[in-house]
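One structure is given below, encoded as structure tokens.
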Amino acid sequence: MHYVYILQSALDHRRHYTGFTHNLRSRLTSHNAGQNPSTVHGRPWQIVSYFAFADETKARDFECYLKSGSGKTFSRRRLI
């Protein structure tokens, strides 16, 4: 499976991160360990939403959409 996920900082609930992975648990662990420069600040992170896809292309396309302007608006209104 391929996952698109949205994280929220436990310290600052206004701070979010959207990403893609094949292993959701491992990826969350690496974010909270500080192994990703984009999420080093705001730790610890918690999963707010995640979506599973059988098709990697569709998952990556959805991640790109969520990172776009309209995707950020959609996620703020519907997913977070």
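Labeling convention for the structure tokens: chains A, B, ... as they appear, residues from 1 per chain, ligands from 1 in order of appearance.
The residue set within 12 Å of His13 (chain A), counting only C-alpha atoms and dropping same-chain residues fewer than 5 places from it, reads Leu7, Gln8, Gly42, Arg43, Pro44, Trp45, Gln46, Ile47, Val48, Arg76 and Ile80 of chain A.
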Hey, what's within 12 Å of region 66-71 of chain A if we count only C-alpha atoms and toss same-chain stuff fewer than 3 positions away? As a list in words, please?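 Counting only the stated atoms, we get Val4, Tyr5, Ile6, His16, Tyr17, Thr18, Gly19, Phe20, Ser49, Tyr50, Phe51, Ala59, Arg60, Asp61, Phe62, Glu63, Phe74, Ser75, Arg76, Arg77, Arg78, Leu79 and Ile80 of chain A.
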Using only C-alpha atoms, the shortest atom-to-atom distance to His2 (chain A) among A:Thr57, A:Ser26, A:His31, A:Pro37 belongs to A:Thr57
**Request:** Would you please extract all strand (DSSP E) residues from chain A, as assigned by DSSP on the backbone, and give them as a PyMOL selection string?
**Result:** chain A and resi 2-9+16-21+45-53
Practice item. Find, counting only C-alpha atoms, the residue in A:His41, A:Arg27, A:Lys72, A:Lys58 that gets nearest to Leu11 (chain A). Key: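 Closest to Leu11 (chain A) of all the choices is A:His41.
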Min atom-atom distance to Arg15 (chain A) from the set A:Leu28, A:Tyr65, A:Thr39, A:Asp55, counting only C-alpha atoms, belongs to A:Thr39
Notebook entry, point to check: Taking into account only C-alpha atoms, which residue in the set A:Arg14, A:Leu24, A:Ala33, A:Ser9 is nearest to Ala52 (chain A)?
Noted result: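 Checking each of A:Arg14, A:Leu24, A:Ala33, A:Ser9 against Ala52 (chain A), counting only C-alpha atoms, the winner is A:Leu24.
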Review point. Looking only at the backbone, which of the residues in chain A does DSSP tag as helix (DSSP H, G or I), as a ChimeraX atom specification?
Key: /A:24-32,37-39,56-67,69-78
Students should find that CA of Ala10 (chain A) and CA of Thr29 (chain A) are spaced 14.2 Å
Check your understanding: Of the residues A:Ser30, A:Val40, A:His22, A:Asp12, which is the one nearest to Glu56 (chain A), using only C-alpha atoms?
Key ->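 For Glu56 (chain A), the nearest of the given residues is A:His22.
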